[in-house]
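Below is one structure, written out as structure tokens; comments come after it.
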Number of protein chains: 2
Amino acid sequence: MNTEWREDLGPLFQPETIAFIGASKSISKWGNIILSNILIGEFKGVVHPINPKEEWILGLKVHRSVLDIEGPVDLAMIVTPAKLAPDILKDCAKKGVKSAIVVPGGFSEEGEAGAALEKELARVAEAAGIRLVGPNTMGIFSGKKSLYALMPPVRPKPGPVAFVAQSGNLGTQLMSIGQEHEIGFSGFAASGNEAVLHCEDYLRYFGEDPDTKVVMAYIEGLDNGRSFIDIAKKVSREKPLVVFKGGITAAGMKAASSHTGALAGSEEIFNAAFRQTGAIRAANPKQMLDLAWALSELPLPRTNRVGVLTWGGGWGVVTADCCEKAGLEVAPLSKKTIEKIDKLLPPYWSRGNPIDLVGTLDRHNHIACLEALIADENVDSAIVLGVVGGATLITAQMETMQGAPAAVTAFVEAFEQMDRMIEEKMLELIDKYNKPIIGVALYESYRPYKTGKGRMIVLQEPHKAVNVLEQMFKYRQYLESIGVER
Amino acid sequence: MNTEWREDLGPLFQPETIAFIGASKSISKWGNIILSNILIGEFKGVVHPINPKEEWILGLKVHRSVLDIEGPVDLAMIVTPAKLAPDILKDCAKKGVKSAIVVPGGFSEEGEAGAALEKELARVAEAAGIRLVGPNTMGIFSGKKSLYALMPPVRPKPGPVAFVAQSGNLGTQLMSIGQEHEIGFSGFAASGNEAVLHCEDYLRYFGEDPDTKVVMAYIEGLDNGRSFIDIAKKVSREKPLVVFKGGITAAGMKAASSHTGALAGSEEIFNAAFRQTGAIRAANPKQMLDLAWALSELPLPRTNRVGVLTWGGGWGVVTADCCEKAGLEVAPLSKKTIEKIDKLLPPYWSRGNPIDLVGTLDRHNHIACLEALIADENVDSAIVLGVVGGATLITAQMETMQGAPAAVTAFVEAFEQMDRMIEEKMLELIDKYNKPIIGVALYESYRPYKTGKGRMIVLQEPHKAVNVLEQMFKYRQYLESIGVER
């Protein structure tokens, strides 16, 4: 059987025409909710709702069957009851539809009858070469086509990160957190029961996708460990692959009820396998987002030598501890750097790394210190604490004052302007020295500014910034070990 | 020399009258900023600004010297240049002032001359029995007196958590994060250079303070390790003491430049010492807040057996993994519980722990499932994922829709109402079964509702909830080991 079609997921992620089968007028039905999500998301293509009993849904002309649509159909989104899906898919095959997303549950996850239904679905899809997502999936997203074919109303902006999730709920919620932080996504797939397309198929596609700079995967179980290792190796040669694995303990595996192949088993086996692949292992789901965000925006650090700049002594201590524990070196400053900073800070400054700004208020000075630090030949990355995000606190507190005078408002505005300037300068320094700089702002409500140069990577706690630099450095070491220069 | 005065910090944390020495009219000076913070904070007492050159500052009559104030003065807040502080403190001694906060830097942290100045300051304070905070401190907070005697405009609400910080910057920023989460504080001290009052003095006071339910400490170095151990032991017998230690690696210790006594040294030595004391060790500064919040609101779990209820399968897997790694048991459900839930969920539910709500939408049902779980004799605590905080996502997304119809707005409101009901019921279950329940909502912008029953503890990631339960359980074990029932 020709299976090359599996490798080309273009019809799925870049469809021109979608048949939305099971469209509904009722706003409490998925056939309406998902269709709304697609329309509100401004899909760059044509959607044909299919429903044998309606004429118009959400302002679109309804067809009775996929077979009634004129012209080719790239993707069928199937939101009918499970038992109807195989027959609908047969119509799709007849029509020459190249890909399908089968949303409903009621297949192998619900016992033997469901498993038989799923087998039938897979048989039809594979005979016709239909790239089938699911069944039992929360859907997909495509940045290029602005296609939000998802159950929840999650609308991350398009961007460089692709994401494959073996849990639709966890996957879409992480996308939504990514949206809160304005992390851009190129594509997303909730792989569902993986009757036809498997986790690895999406990874391969995103690995080759020129719009994707970083690939993220939430994995619970793999049917074919060998194939995963091969594909993961290929992907991480080209771009970072960040993986979080669920189900690594007996309790977790029981929860996942995963019937997996070679890779199933203890964390140690996974660790070893992942190490071979060059994939980057996240310690928790949110860390996967931090890593993907940083890896998509920053150059890799050349060595493990970090410079720390802090507006508060305590945070410098905490960060230095985190660095040493993570195998990063809080590098000694060169004589030249110390001389430069002697001219910038009061005489009692630390004269070492971390550089404590000892409460100085001149923000231009902060940037001058940062430039001295990142220019240092001993330093290949920097973590900057407290220097960004300052206005958030001031603003929040000023809002609690009744009738704040104009002078205070002007003060807050000046502070914000300064923060924006600081972040823009930091982005310039990253470009100028080709070394990663990560900001740490401690307020959860803080979001970095959009500047002409883009947006700074700002995380919320020192250990998060350290973890990201550690993993970036290890990824660079991996690339060197396989002879790839980046 | 009589040193009993050290043990009574009442004049410092519950002053009736404050002399604010170094008050200023200029809004860019600390002598104005801190005074504003005290006035805006609505201090329940009298403040006398002191400045030899002014008559009125911020609407208050100014005195030329502390000696000109009629009646007793409990606390002198000194915000003058460092070199004036010893003479000012001598006036305070003459006046019979019982406590002082010396804000300026320029003492032992700035070389030999500063160290001599600090020695002189300490000599005056100790001879007169003045409880002196600092020098080089960001100030203190007292919940009972609504006293925000702090450099930054941080205004957490009063409540059950006390906090001692050996870094003012880190301390006040954590307070500000606590404020974001509406965690209440009974007291706070940035201990500064600790010329007179040491970290342990504050710990002892908060340990005995009836308004304080949990004590938090950020520690960099201890002059007297033995005294810390003794006091920490006493405190943690009465109430939880949560500690984060900065400066546990060579890099961190260098950053802290801490010249500490017996307790200085590697993490292992600290671990051993802390274990003796029953103090709870946080892995990072924010975790200290999570722990203090939970410990101040929830009953301790009787055993390590956890029940997990989740609205999304993937998060259940992640949580089960975290539990097992932390030594918590994802407990098997009793037959009775399974029978109860058989009546509540579709037949294909997991029939085990974690309980996956398999996408059911009836929120009353969620609460019924939670009650079945927490009532189970095998289960002594619960983590509930995704069931709280749902409206946040919906609301955020609806705001992105232009001209959302009234039906949609009503839908969001209904969702919020339901969320509020859910959280109130959860609080009822905690009381009814006297077992801790922690919610996990994945959106960073989410904050739990204020209900008639208070506010649910809701953390942002599964591993945070697991860590809190793990530490609570260990604390209970410690109490049992020393024969204390709680």
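Following the order of the structure tokens, chains are lettered A, B, ..., residues in each are numbered from 1, and ligands are numbered from 1.
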List the spatial neighbours of range 444-455 of chain B as a PDB file with N, CA and C atoms, in the first residue's frame - criterion: any atom at most 10 Å away, only C-alpha atoms, same-chain residues fewer than 2 positions off excluded.
ATOM      1  N   ILE A 177      -2.482  29.310  27.521  1.00  0.00           N
ATOM      2  CA  ILE A 177      -1.475  30.003  28.333  1.00  0.00           C
ATOM      3  C   ILE A 177      -0.472  30.694  27.409  1.00  0.00           C
ATOM      4  N   GLU A 180      -1.961  33.873  26.400  1.00  0.00           N
ATOM      5  CA  GLU A 180      -1.817  34.892  27.455  1.00  0.00           C
ATOM      6  C   GLU A 180      -0.454  35.580  27.346  1.00  0.00           C
ATOM      7  N   HIS A 181       0.573  34.798  26.985  1.00  0.00           N
ATOM      8  CA  HIS A 181       1.928  35.349  26.904  1.00  0.00           C
ATOM      9  C   HIS A 181       2.295  35.770  25.488  1.00  0.00           C
ATOM     10  N   GLU A 444       3.309  38.393  38.354  1.00  0.00           N
ATOM     11  CA  GLU A 444       2.663  37.486  37.425  1.00  0.00           C
ATOM     12  C   GLU A 444       1.837  38.230  36.380  1.00  0.00           C
ATOM     13  N   SER A 445       1.390  39.418  36.735  1.00  0.00           N
ATOM     14  CA  SER A 445       0.555  40.149  35.791  1.00  0.00           C
ATOM     15  C   SER A 445       1.408  40.862  34.733  1.00  0.00           C
TER      16      SER A 445
ATOM     17  N   GLU B 180      -0.870  40.406  45.166  1.00  0.00           N
ATOM     18  CA  GLU B 180      -1.561  40.032  43.917  1.00  0.00           C
ATOM     19  C   GLU B 180      -2.522  38.866  44.164  1.00  0.00           C
ATOM     20  N   HIS B 181      -2.101  37.946  45.034  1.00  0.00           N
ATOM     21  CA  HIS B 181      -2.910  36.754  45.311  1.00  0.00           C
ATOM     22  C   HIS B 181      -3.776  36.930  46.549  1.00  0.00           C
ATOM     23  N   GLU B 182      -3.777  38.138  47.096  1.00  0.00           N
ATOM     24  CA  GLU B 182      -4.575  38.443  48.279  1.00  0.00           C
ATOM     25  C   GLU B 182      -4.279  37.527  49.460  1.00  0.00           C
ATOM     26  N   GLU B 297      -4.506  28.193  55.794  1.00  0.00           N
ATOM     27  CA  GLU B 297      -5.933  28.058  55.506  1.00  0.00           C
ATOM     28  C   GLU B 297      -6.463  26.627  55.629  1.00  0.00           C
ATOM     29  N   VAL B 388     -12.085  24.442  38.695  1.00  0.00           N
ATOM     30  CA  VAL B 388     -12.155  25.860  39.050  1.00  0.00           C
ATOM     31  C   VAL B 388     -11.447  26.668  37.961  1.00  0.00           C
ATOM     32  N   GLY B 389     -11.885  27.902  37.824  1.00  0.00           N
ATOM     33  CA  GLY B 389     -11.174  28.814  36.923  1.00  0.00           C
ATOM     34  C   GLY B 389     -11.603  28.735  35.474  1.00  0.00           C
ATOM     35  N   GLY B 390     -12.638  27.940  35.197  1.00  0.00           N
ATOM     36  CA  GLY B 390     -13.081  27.758  33.817  1.00  0.00           C
ATOM     37  C   GLY B 390     -13.544  29.038  33.159  1.00  0.00           C
ATOM     38  N   ALA B 391     -14.211  29.893  33.925  1.00  0.00           N
ATOM     39  CA  ALA B 391     -14.789  31.098  33.338  1.00  0.00           C
ATOM     40  C   ALA B 391     -13.714  32.040  32.808  1.00  0.00           C
ATOM     41  N   THR B 392     -12.499  31.958  33.417  1.00  0.00           N
ATOM     42  CA  THR B 392     -11.432  32.870  32.998  1.00  0.00           C
ATOM     43  C   THR B 392     -11.162  32.757  31.510  1.00  0.00           C
ATOM     44  N   LEU B 393     -11.022  31.515  31.054  1.00  0.00           N
ATOM     45  CA  LEU B 393     -10.745  31.287  29.634  1.00  0.00           C
ATOM     46  C   LEU B 393     -11.890  31.813  28.780  1.00  0.00           C
ATOM     47  N   ALA B 396     -12.026  35.609  28.790  1.00  0.00           N
ATOM     48  CA  ALA B 396     -10.930  36.212  28.033  1.00  0.00           C
ATOM     49  C   ALA B 396     -11.199  36.110  26.541  1.00  0.00           C
ATOM     50  N   GLU B 416     -19.561  32.047  35.348  1.00  0.00           N
ATOM     51  CA  GLU B 416     -18.884  32.615  36.514  1.00  0.00           C
ATOM     52  C   GLU B 416     -19.625  32.280  37.807  1.00  0.00           C
ATOM     53  N   ASP B 419     -18.865  28.834  38.707  1.00  0.00           N
ATOM     54  CA  ASP B 419     -17.507  28.733  39.265  1.00  0.00           C
ATOM     55  C   ASP B 419     -17.502  29.143  40.733  1.00  0.00           C
ATOM     56  N   ARG B 420     -18.213  30.207  41.028  1.00  0.00           N
ATOM     57  CA  ARG B 420     -18.274  30.710  42.399  1.00  0.00           C
ATOM     58  C   ARG B 420     -18.955  29.678  43.314  1.00  0.00           C
ATOM     59  N   MET B 421     -20.034  29.112  42.809  1.00  0.00           N
ATOM     60  CA  MET B 421     -20.753  28.067  43.566  1.00  0.00           C
ATOM     61  C   MET B 421     -19.814  26.893  43.843  1.00  0.00           C
ATOM     62  N   ILE B 422     -19.085  26.479  42.807  1.00  0.00           N
ATOM     63  CA  ILE B 422     -18.164  25.346  42.924  1.00  0.00           C
ATOM     64  C   ILE B 422     -17.142  25.615  44.030  1.00  0.00           C
ATOM     65  N   GLU B 423     -16.570  26.808  44.019  1.00  0.00           N
ATOM     66  CA  GLU B 423     -15.520  27.101  45.006  1.00  0.00           C
ATOM     67  C   GLU B 423     -16.107  27.151  46.417  1.00  0.00           C
ATOM     68  N   GLU B 424     -17.303  27.677  46.539  1.00  0.00           N
ATOM     69  CA  GLU B 424     -17.945  27.726  47.857  1.00  0.00           C
ATOM     70  C   GLU B 424     -18.206  26.302  48.375  1.00  0.00           C
ATOM     71  N   LYS B 425     -18.677  25.448  47.488  1.00  0.00           N
ATOM     72  CA  LYS B 425     -18.941  24.050  47.883  1.00  0.00           C
ATOM     73  C   LYS B 425     -17.645  23.349  48.279  1.00  0.00           C
ATOM     74  N   MET B 426     -16.574  23.642  47.571  1.00  0.00           N
ATOM     75  CA  MET B 426     -15.296  23.008  47.901  1.00  0.00           C
ATOM     76  C   MET B 426     -14.873  23.398  49.313  1.00  0.00           C
ATOM     77  N   LEU B 427     -15.062  24.666  49.641  1.00  0.00           N
ATOM     78  CA  LEU B 427     -14.713  25.122  50.988  1.00  0.00           C
ATOM     79  C   LEU B 427     -15.571  24.412  52.032  1.00  0.00           C
ATOM     80  N   GLU B 428     -16.829  24.187  51.699  1.00  0.00           N
ATOM     81  CA  GLU B 428     -17.709  23.452  52.617  1.00  0.00           C
ATOM     82  C   GLU B 428     -17.204  22.020  52.833  1.00  0.00           C
ATOM     83  N   ASP B 431     -14.297  21.853  55.248  1.00  0.00           N
ATOM     84  CA  ASP B 431     -14.770  21.936  56.637  1.00  0.00           C
ATOM     85  C   ASP B 431     -15.433  20.638  57.077  1.00  0.00           C
ATOM     86  N   GLY B 439      -7.182  23.451  44.697  1.00  0.00           N
ATOM     87  CA  GLY B 439      -7.579  23.579  43.299  1.00  0.00           C
ATOM     88  C   GLY B 439      -6.380  23.917  42.430  1.00  0.00           C
ATOM     89  N   ALA B 441      -5.862  25.799  38.757  1.00  0.00           N
ATOM     90  CA  ALA B 441      -6.405  26.467  37.568  1.00  0.00           C
ATOM     91  C   ALA B 441      -5.205  26.896  36.764  1.00  0.00           C
ATOM     92  N   LEU B 442      -5.251  26.657  35.474  1.00  0.00           N
ATOM     93  CA  LEU B 442      -4.001  26.783  34.735  1.00  0.00           C
ATOM     94  C   LEU B 442      -3.742  28.169  34.188  1.00  0.00           C
ATOM     95  N   ILE B 457      -7.936  27.736  48.065  1.00  0.00           N
ATOM     96  CA  ILE B 457      -6.532  27.754  47.672  1.00  0.00           C
ATOM     97  C   ILE B 457      -6.475  27.204  46.257  1.00  0.00           C
ATOM     98  N   VAL B 458      -6.069  28.016  45.321  1.00  0.00           N
ATOM     99  CA  VAL B 458      -5.958  27.567  43.933  1.00  0.00           C
ATOM    100  C   VAL B 458      -4.566  27.921  43.424  1.00  0.00           C
ATOM    101  N   LEU B 459      -3.807  26.915  43.027  1.00  0.00           N
ATOM    102  CA  LEU B 459      -2.459  27.133  42.508  1.00  0.00           C
ATOM    103  C   LEU B 459      -2.466  26.936  40.991  1.00  0.00           C
ATOM    104  N   GLN B 460      -1.340  27.252  40.375  1.00  0.00           N
ATOM    105  CA  GLN B 460      -1.383  27.343  38.908  1.00  0.00           C
ATOM    106  C   GLN B 460      -0.856  26.130  38.165  1.00  0.00           C
ATOM    107  N   GLU B 461      -0.220  25.216  38.874  1.00  0.00           N
ATOM    108  CA  GLU B 461       0.288  24.045  38.170  1.00  0.00           C
ATOM    109  C   GLU B 461       0.184  22.847  39.096  1.00  0.00           C
TER     110      GLU B 461
END
Original post:
Taking only C-alpha atoms into account, which residues of chain B are within 8 Å of chain A, as number ranges by chain?
Top reply: B: 40, 109-111, 153-155, 166-170, 173, 176-177, 246-253, 255-256, 284, 312-321, 324-325, 330, 348, 353-354, 393-394, 397, 401, 442-445, 463
Original post:
Could you write out, as an MDAnalysis selection string, all the residues of range 143-347 of chain A that DSSP marks as strand (DSSP E or B)?
Top reply: chainID A and resid 147:150 158:165 185:190 214:219 241:245 280:281 305:310 329:330
Write the residues of the preceding selection, restricted to N, CA and C atoms, as an mmCIF file, in the first residue's frame.
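Wrote it out as again-v5.cif, contents follow:
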data_model
loop_
_atom_site.group_PDB
_atom_site.id
_atom_site.type_symbol
_atom_site.label_atom_id
_atom_site.label_comp_id
_atom_site.auth_asym_id
_atom_site.auth_seq_id
_atom_site.Cartn_x
_atom_site.Cartn_y
_atom_site.Cartn_z
ATOM 1 N N LEU A 147 -6.412 28.927 10.821
ATOM 2 C CA LEU A 147 -7.460 27.904 10.990
ATOM 3 C C LEU A 147 -7.521 27.454 12.449
ATOM 4 N N TYR A 148 -8.578 27.900 13.149
ATOM 5 C CA TYR A 148 -8.771 27.530 14.554
ATOM 6 C C TYR A 148 -9.848 26.450 14.629
ATOM 7 N N ALA A 149 -9.526 25.254 14.139
ATOM 8 C CA ALA A 149 -10.489 24.148 14.095
ATOM 9 C C ALA A 149 -10.416 23.396 15.424
ATOM 10 N N LEU A 150 -10.844 24.078 16.498
ATOM 11 C CA LEU A 150 -10.650 23.589 17.858
ATOM 12 C C LEU A 150 -11.950 23.620 18.646
ATOM 13 N N PRO A 158 -0.545 33.514 15.343
ATOM 14 C CA PRO A 158 0.381 32.730 14.522
ATOM 15 C C PRO A 158 1.822 33.072 14.876
ATOM 16 N N GLY A 159 2.721 32.116 14.726
ATOM 17 C CA GLY A 159 4.124 32.345 15.072
ATOM 18 C C GLY A 159 4.942 31.089 14.865
ATOM 19 N N PRO A 160 6.094 30.993 15.508
ATOM 20 C CA PRO A 160 7.080 29.966 15.135
ATOM 21 C C PRO A 160 6.997 28.613 15.848
ATOM 22 N N VAL A 161 6.071 28.439 16.799
ATOM 23 C CA VAL A 161 6.081 27.211 17.612
ATOM 24 C C VAL A 161 4.992 26.231 17.139
ATOM 25 N N ALA A 162 5.374 24.981 16.883
ATOM 26 C CA ALA A 162 4.392 23.942 16.558
ATOM 27 C C ALA A 162 4.227 23.025 17.766
ATOM 28 N N PHE A 163 3.051 22.424 17.888
ATOM 29 C CA PHE A 163 2.753 21.667 19.108
ATOM 30 C C PHE A 163 1.876 20.462 18.774
ATOM 31 N N VAL A 164 2.327 19.293 19.198
ATOM 32 C CA VAL A 164 1.547 18.059 19.073
ATOM 33 C C VAL A 164 1.221 17.588 20.479
ATOM 34 N N ALA A 165 -0.048 17.292 20.752
ATOM 35 C CA ALA A 165 -0.422 16.902 22.107
ATOM 36 C C ALA A 165 -1.227 15.619 22.104
ATOM 37 N N PHE A 185 2.085 30.477 17.458
ATOM 38 C CA PHE A 185 2.114 29.075 17.040
ATOM 39 C C PHE A 185 1.975 28.947 15.522
ATOM 40 N N SER A 186 2.749 28.029 14.937
ATOM 41 C CA SER A 186 2.597 27.731 13.512
ATOM 42 C C SER A 186 1.537 26.667 13.301
ATOM 43 N N GLY A 187 1.448 25.716 14.233
ATOM 44 C CA GLY A 187 0.470 24.652 14.076
ATOM 45 C C GLY A 187 0.271 23.901 15.375
ATOM 46 N N PHE A 188 -0.860 23.222 15.463
ATOM 47 C CA PHE A 188 -1.165 22.421 16.652
ATOM 48 C C PHE A 188 -2.015 21.247 16.208
ATOM 49 N N ALA A 189 -1.763 20.092 16.811
ATOM 50 C CA ALA A 189 -2.665 18.958 16.604
ATOM 51 C C ALA A 189 -2.872 18.237 17.920
ATOM 52 N N ALA A 190 -4.153 18.019 18.271
ATOM 53 C CA ALA A 190 -4.489 17.112 19.368
ATOM 54 C C ALA A 190 -4.665 15.755 18.697
ATOM 55 N N VAL A 214 10.425 25.837 16.289
ATOM 56 C CA VAL A 214 10.567 24.957 17.446
ATOM 57 C C VAL A 214 9.355 24.031 17.480
ATOM 58 N N VAL A 215 9.573 22.756 17.816
ATOM 59 C CA VAL A 215 8.461 21.807 17.914
ATOM 60 C C VAL A 215 8.305 21.374 19.373
ATOM 61 N N MET A 216 7.067 21.397 19.850
ATOM 62 C CA MET A 216 6.756 20.968 21.211
ATOM 63 C C MET A 216 5.893 19.706 21.142
ATOM 64 N N ALA A 217 6.084 18.769 22.070
ATOM 65 C CA ALA A 217 5.227 17.574 22.078
ATOM 66 C C ALA A 217 4.882 17.161 23.496
ATOM 67 N N TYR A 218 3.596 16.943 23.755
ATOM 68 C CA TYR A 218 3.175 16.297 24.992
ATOM 69 C C TYR A 218 2.874 14.850 24.651
ATOM 70 N N ILE A 219 3.637 13.948 25.260
ATOM 71 C CA ILE A 219 3.543 12.532 24.906
ATOM 72 C C ILE A 219 3.115 11.710 26.112
ATOM 73 N N LEU A 241 13.414 20.334 19.514
ATOM 74 C CA LEU A 241 12.203 19.563 19.798
ATOM 75 C C LEU A 241 12.094 19.462 21.320
ATOM 76 N N VAL A 242 11.047 20.057 21.869
ATOM 77 C CA VAL A 242 10.879 20.102 23.321
ATOM 78 C C VAL A 242 9.748 19.152 23.699
ATOM 79 N N VAL A 243 10.043 18.225 24.589
ATOM 80 C CA VAL A 243 9.079 17.169 24.903
ATOM 81 C C VAL A 243 8.756 17.157 26.391
ATOM 82 N N PHE A 244 7.481 17.043 26.704
ATOM 83 C CA PHE A 244 7.107 16.677 28.068
ATOM 84 C C PHE A 244 6.423 15.324 28.001
ATOM 85 N N LYS A 245 6.870 14.416 28.878
ATOM 86 C CA LYS A 245 6.311 13.068 28.881
ATOM 87 C C LYS A 245 5.416 12.889 30.100
ATOM 88 N N ILE A 280 14.718 17.899 23.818
ATOM 89 C CA ILE A 280 14.888 18.606 25.080
ATOM 90 C C ILE A 280 13.731 18.222 25.988
ATOM 91 N N ARG A 281 14.047 17.806 27.204
ATOM 92 C CA ARG A 281 13.025 17.295 28.105
ATOM 93 C C ARG A 281 12.585 18.388 29.063
ATOM 94 N N ARG A 305 28.610 29.747 30.580
ATOM 95 C CA ARG A 305 29.001 30.867 31.452
ATOM 96 C C ARG A 305 27.988 32.003 31.403
ATOM 97 N N VAL A 306 27.385 32.249 32.553
ATOM 98 C CA VAL A 306 26.259 33.179 32.653
ATOM 99 C C VAL A 306 26.673 34.435 33.411
ATOM 100 N N GLY A 307 26.185 35.573 32.957
ATOM 101 C CA GLY A 307 26.302 36.810 33.725
ATOM 102 C C GLY A 307 24.955 37.151 34.336
ATOM 103 N N VAL A 308 24.975 37.599 35.579
ATOM 104 C CA VAL A 308 23.716 37.932 36.261
ATOM 105 C C VAL A 308 23.750 39.412 36.645
ATOM 106 N N LEU A 309 22.701 40.125 36.270
ATOM 107 C CA LEU A 309 22.568 41.542 36.629
ATOM 108 C C LEU A 309 21.278 41.665 37.418
ATOM 109 N N THR A 310 21.347 42.272 38.608
ATOM 110 C CA THR A 310 20.139 42.289 39.440
ATOM 111 C C THR A 310 19.929 43.649 40.095
ATOM 112 N N GLU A 329 27.925 28.170 34.952
ATOM 113 C CA GLU A 329 28.962 28.870 35.715
ATOM 114 C C GLU A 329 28.616 30.352 35.821
ATOM 115 N N VAL A 330 28.572 30.848 37.063
ATOM 116 C CA VAL A 330 28.443 32.289 37.278
ATOM 117 C C VAL A 330 29.850 32.835 37.062
#
**OP:** Tell me which protein, DNA and RNA residues are within 6 Å of Glu118 in chain B, counting only C-alpha atoms, leaving out same-chain ones fewer than 3 positions away, and put them as a PyMOL selection string.
**Re:** chain B and resi 107+115+121
Can you write out the residues you just picked, keeping C-alpha atoms, as a compact mmCIF listing (two decimals), in the first residue's frame?
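Final output, part-v1.txt:
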# COMPACT_ATOMS: atom_id res chain seq x y z
CA PHE B 107 27.02 51.06 57.20
CA ALA B 115 31.17 49.26 60.00
CA LEU B 121 24.62 52.59 66.44
Subject >> CA of Leu298 in chain A to CA of Val468 in chain A, straight-line distance in Å >> reply: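 According to the coordinates, CA of Val468 in chain A and CA of Leu298 in chain A are separated by 10.7 Å.
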Original post:
CA of Ala292 in chain A to CA of Glu268 in chain A: how many Å, to one decimal?
Top reply: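 Here the two named atoms are 23.7 Å from each other.
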Original post:
Using only C-alpha atoms, which residues sit within 12 Å of Phe20 in chain A once same-chain residues fewer than 6 positions away are excluded, as a VMD selection string?
Top reply: chain A and resid 30 to 36 38 to 39 46 to 51 57 60 to 66 69 73 to 80 88 92 100 to 103 149
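Our summary of the geometry notes that CA of Lys474 in chain B is positioned 20.8 Å from CA of Val384 in chain B.
Near range 336-343 of chain B, within 8 Å and counting only C-alpha atoms, sit Trp349, Arg351, Gly352, Cys369, Ala372, Leu373 and Asp376 of chain B, not including residues fewer than 5 positions from it in the same chain.
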